[in-house]
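query-v4.txt, holding compact mmCIF, C-alpha atoms:
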```txt
# COMPACT_ATOMS: atom_id res chain seq x y z
CA MET S 1 68.64 -117.95 46.60
CA PRO S 2 66.09 -120.66 47.48
CA VAL S 3 63.91 -118.04 49.23
CA LEU S 4 63.93 -115.89 46.08
CA LEU S 5 63.01 -118.86 43.90
CA ILE S 6 60.18 -119.85 46.27
CA ALA S 7 58.87 -116.27 46.31
CA ASN S 8 59.00 -116.14 42.51
CA THR S 9 57.27 -119.52 42.25
CA ILE S 10 54.40 -118.42 44.49
CA PHE S 11 54.09 -115.02 42.79
CA GLU S 12 54.12 -116.32 39.22
CA ILE S 13 51.87 -119.33 39.75
CA GLY S 14 49.44 -117.26 41.82
CA ILE S 15 49.23 -114.46 39.27
CA GLY S 16 49.12 -116.99 36.43
CA PHE S 17 46.10 -118.80 37.83
CA VAL S 18 44.30 -115.50 38.52
CA PHE S 19 44.91 -114.47 34.91
CA ILE S 20 43.76 -117.86 33.57
CA LEU S 21 40.74 -118.46 35.82
CA PHE S 22 39.53 -114.93 36.62
CA PRO S 23 40.65 -112.59 33.82
CA SER S 24 37.44 -110.56 34.09
CA PHE S 25 38.62 -109.35 37.53
CA ILE S 26 41.36 -107.48 35.68
CA VAL S 27 39.81 -106.53 32.34
CA LYS S 28 36.13 -106.02 31.72
CA ASN S 29 34.08 -106.28 28.53
CA ASN S 30 36.98 -106.98 26.19
CA GLU S 31 37.15 -110.52 24.82
CA LEU S 32 40.52 -109.99 23.10
CA ALA S 33 42.12 -108.68 26.31
CA VAL S 34 40.68 -111.63 28.26
CA SER S 35 42.16 -114.02 25.70
CA PHE S 36 45.58 -112.35 25.88
CA LEU S 37 45.48 -112.29 29.67
CA ARG S 38 44.84 -116.03 29.77
CA VAL S 39 47.84 -116.66 27.50
CA ILE S 40 49.98 -114.37 29.68
CA GLY S 41 48.74 -116.39 32.67
CA CYS S 42 50.03 -119.57 31.02
CA GLY S 43 53.45 -117.93 30.65
CA ALA S 44 53.40 -116.85 34.29
CA VAL S 45 52.59 -120.39 35.44
CA ALA S 46 55.42 -121.72 33.24
CA LEU S 47 57.90 -119.25 34.79
CA GLY S 48 56.67 -120.28 38.24
CA ILE S 49 57.28 -123.92 37.38
CA LEU S 50 60.75 -123.02 36.10
CA SER S 51 61.51 -121.35 39.45
CA PHE S 52 60.23 -124.40 41.31
CA LEU S 53 62.31 -126.81 39.23
CA MET S 54 65.40 -124.65 39.74
CA LEU S 55 65.18 -125.33 43.49
CA THR S 56 66.58 -128.82 42.88
CA LEU S 57 69.64 -127.53 40.99
CA LYS S 58 72.91 -126.82 42.77
CA GLU S 59 75.55 -126.18 40.11
CA SER S 60 75.98 -122.66 38.72
CA LYS S 61 76.18 -124.10 35.21
CA GLU S 62 72.77 -125.76 35.64
CA LEU S 63 71.18 -122.64 37.13
CA LYS S 64 72.55 -120.11 34.64
CA PRO S 65 69.90 -120.43 31.86
CA GLY S 66 67.02 -120.19 34.33
CA LEU S 67 68.57 -117.26 36.21
CA ILE S 68 69.16 -115.37 32.96
CA THR S 69 65.59 -116.09 31.83
CA LEU S 70 64.08 -114.84 35.09
CA SER S 71 66.40 -111.79 35.10
CA VAL S 72 65.35 -110.81 31.59
CA PHE S 73 61.66 -111.43 32.21
CA HIS S 74 61.39 -109.41 35.41
CA SER S 75 63.57 -106.58 34.10
CA LEU S 76 61.57 -106.23 30.89
CA ALA S 77 58.28 -106.55 32.78
CA ALA S 78 59.32 -103.73 35.12
CA LEU S 79 60.29 -101.52 32.15
CA THR S 80 57.08 -102.12 30.23
CA LEU S 81 54.93 -101.68 33.33
CA PHE S 82 56.75 -98.43 34.09
CA SER S 83 55.95 -97.11 30.62
CA ASN S 84 52.28 -97.91 31.30
CA PHE S 85 52.55 -96.30 34.77
CA THR S 86 53.46 -92.96 33.23
CA ASN S 87 50.11 -93.16 31.41
CA SER S 88 48.33 -94.04 34.70
CA ILE S 89 47.51 -97.57 33.54
CA THR S 90 49.63 -99.75 35.86
CA ASN S 91 49.66 -100.21 39.63
CA SER S 92 53.00 -99.12 41.13
CA LEU S 93 53.13 -102.25 43.33
CA LEU S 94 53.51 -104.44 40.22
CA ILE S 95 56.42 -102.32 39.04
CA ILE S 96 58.11 -102.55 42.43
CA ILE S 97 57.67 -106.35 42.63
CA HIS S 98 59.07 -106.95 39.14
CA LEU S 99 61.88 -104.45 39.70
CA LEU S 100 62.92 -106.11 42.97
CA LEU S 101 62.77 -109.59 41.45
CA GLY S 102 64.67 -108.43 38.36
CA VAL S 103 67.45 -106.76 40.36
CA SER S 104 67.67 -109.78 42.68
CA PHE S 105 67.93 -112.28 39.84
CA ILE S 106 70.47 -110.10 37.98
CA SER S 107 72.57 -109.85 41.13
CA ILE S 108 72.52 -113.60 41.75
CA THR S 109 73.21 -114.32 38.07
CA TRP S 110 76.15 -111.91 38.04
CA LYS S 111 77.63 -113.43 41.21
CA ARG S 112 77.30 -116.97 39.83
CA ILE S 113 78.78 -116.07 36.43
CA MET S 114 81.70 -114.23 38.02
CA SER S 115 82.37 -117.04 40.53
CA THR S 116 82.52 -119.69 37.79
CA SER S 117 84.76 -117.65 35.48
CA LYS S 118 87.59 -117.41 38.03
```
Could you render the structure from this file as structure tokens?
Amino acid sequence: MPVLLIANTIFEIGIGFVFILFPSFIVKNNELAVSFLRVIGCGAVALGILSFLMLTLKESKELKPGLITLSVFHSLAALTLFSNFTNSITNSLLIIIHLLLGVSFISITWKRIMSTSK
């Protein structure tokens, strides 16, 4: 699990800073979209920090809220990106990354919940 959390930390903080510092690389000539992208970047950095802080936790009970949060985020991101993909708006690589992270976090969350309930 530490490798997954490190990968998520790097991904989210990296994307977050790109969205905050260089939003015009992604959207052009739309001030409202640039503003929204910067706010989304703040959320991505926050999720990256959450992943980083989770590296210090060992107990399933301590990890559970963060694992559920990351599972929900990546799963919903993959679903919404997929709906945009069908309209040729989204890059398939983003869908794959969020889908893999979502499935991985769901799997780890499920294993930890089931192991603590026995």
Atomic distance CA of Leu67 in chain S - CA of Ala44 in chain S, expressed in Å with one decimal: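 Those two atoms sit 15.3 Å apart.
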Kindly indicate which residue among S:Lys28, S:Val45, S:Lys64, S:Arg38 lies nearest to Gly16 in chain S, using all atoms listed in the file for the distances.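 Looking only at the distances to Gly16 in chain S, the closest residue turns out to be S:Val45.
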Using only C-alpha atoms, find the one residue out of S:Ile15, S:Ile6, S:Ile68, S:Ile26 that sits nearest to Ser51 in chain S.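 Of S:Ile15, S:Ile6, S:Ile68, S:Ile26, the one nearest Ser51 in chain S, counting only C-alpha atoms, is S:Ile6.
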Excluding Ser104 in chain S and residues on its chain fewer than 6 positions from it, collect all residues at most 10 Å away from it, counting only C-alpha atoms, and give them as a VMD selection string. chain S and resid 1 4 67 70 to 71 74 98 110
Filtering to C-alpha atoms, could you give me those residues as a CSV table (one decimal), in the frame of the given file?
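Output file selection_11.csv is given in full below:
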```csv
chain,number,residue,atom,x,y,z
S,1,MET,CA,68.6,-118.0,46.6
S,4,LEU,CA,63.9,-115.9,46.1
S,67,LEU,CA,68.6,-117.3,36.2
S,70,LEU,CA,64.1,-114.8,35.1
S,71,SER,CA,66.4,-111.8,35.1
S,74,HIS,CA,61.4,-109.4,35.4
S,98,HIS,CA,59.1,-107.0,39.1
S,110,TRP,CA,76.2,-111.9,38.0
```
Point-to-point distance from CA of Leu50 in chain S to CA of Glu12 in chain S, Å rounded to tenths: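 Interatomic distance, CA of Leu50 in chain S to CA of Glu12 in chain S: 9.9 Å.
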Calculate how many Å separate CA of Lys58 in chain S from CA of Leu100 in chain S, rounding to one decimal.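 Computed distance, CA of Lys58 in chain S to CA of Leu100 in chain S, equals 23.0 Å.
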Could you list, as a ChimeraX atom specification, every residue within 12 Å of Cys42 in chain S, counting all atoms listed in the file and ignoring same-chain residues fewer than 2 positions away? /S:12-21,35-40,44-49
Residue nearest Lys111 in chain S - candidates S:Phe22, S:Gly43, S:Leu63, S:Leu32, atoms counted: all atoms listed in the file: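 Closest to Lys111 in chain S, using all atoms listed in the file: S:Leu63.
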For Gly102 in chain S, which of S:Phe25, S:Phe52, S:Phe73, S:Phe11 is the closest residue, counting only C-alpha atoms?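 When distances to Gly102 in chain S are compared using only C-alpha atoms, the smallest one comes from S:Phe73.
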Tell me which of S:Met114, S:Ala33, S:Val72, S:Leu53 sits closest to Leu101 in chain S, counting only C-alpha atoms.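 The shortest atom-to-atom distance to Leu101 in chain S comes from S:Val72.
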Using all atoms listed in the file, the shortest atom-to-atom distance to Thr109 in chain S among S:Ser83, S:Asn91, S:Ser75, S:Ser60 belongs to S:Ser60
Just write range 37-79 of chain S with C-alpha atoms, as a CSV table (one decimal), in the first residue's frame, taken from the block above.
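Wrote result29.csv, looks like this:
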```csv
chain,number,residue,atom,x,y,z
S,37,LEU,CA,-9.2,24.6,-12.9
S,38,ARG,CA,-7.2,26.4,-10.2
S,39,VAL,CA,-9.8,25.4,-7.6
S,40,ILE,CA,-9.7,21.8,-8.8
S,41,GLY,CA,-5.9,22.0,-8.6
S,42,CYS,CA,-6.2,23.0,-4.9
S,43,GLY,CA,-8.4,19.9,-4.3
S,44,ALA,CA,-5.8,17.7,-6.1
S,45,VAL,CA,-3.0,19.1,-3.9
S,46,ALA,CA,-5.1,18.5,-0.8
S,47,LEU,CA,-5.8,14.8,-1.8
S,48,GLY,CA,-2.0,14.4,-2.5
S,49,ILE,CA,-1.3,15.7,1.0
S,50,LEU,CA,-3.9,13.3,2.4
S,51,SER,CA,-2.1,10.4,0.7
S,52,PHE,CA,1.3,11.6,2.0
S,53,LEU,CA,0.0,11.9,5.6
S,54,MET,CA,-1.6,8.4,5.3
S,55,LEU,CA,1.9,7.0,4.9
S,56,THR,CA,2.6,7.5,8.6
S,57,LEU,CA,-0.6,5.6,9.6
S,58,LYS,CA,-0.5,1.8,10.4
S,59,GLU,CA,-3.8,0.9,11.9
S,60,SER,CA,-6.7,0.0,9.6
S,61,LYS,CA,-9.0,2.1,11.8
S,62,GLU,CA,-6.8,5.2,11.2
S,63,LEU,CA,-6.5,4.5,7.4
S,64,LYS,CA,-10.2,3.8,6.7
S,65,PRO,CA,-11.5,7.4,6.2
S,66,GLY,CA,-8.6,8.3,3.9
S,67,LEU,CA,-8.9,5.0,1.9
S,68,ILE,CA,-12.7,5.5,1.5
S,69,THR,CA,-12.1,9.2,0.4
S,70,LEU,CA,-9.5,8.2,-2.2
S,71,SER,CA,-11.6,5.3,-3.4
S,72,VAL,CA,-14.7,7.5,-3.9
S,73,PHE,CA,-12.7,10.3,-5.5
S,74,HIS,CA,-10.9,8.2,-8.1
S,75,SER,CA,-14.0,6.1,-8.9
S,76,LEU,CA,-16.1,9.2,-9.5
S,77,ALA,CA,-13.4,10.9,-11.4
S,78,ALA,CA,-13.1,7.9,-13.7
S,79,LEU,CA,-16.8,7.8,-14.3
```
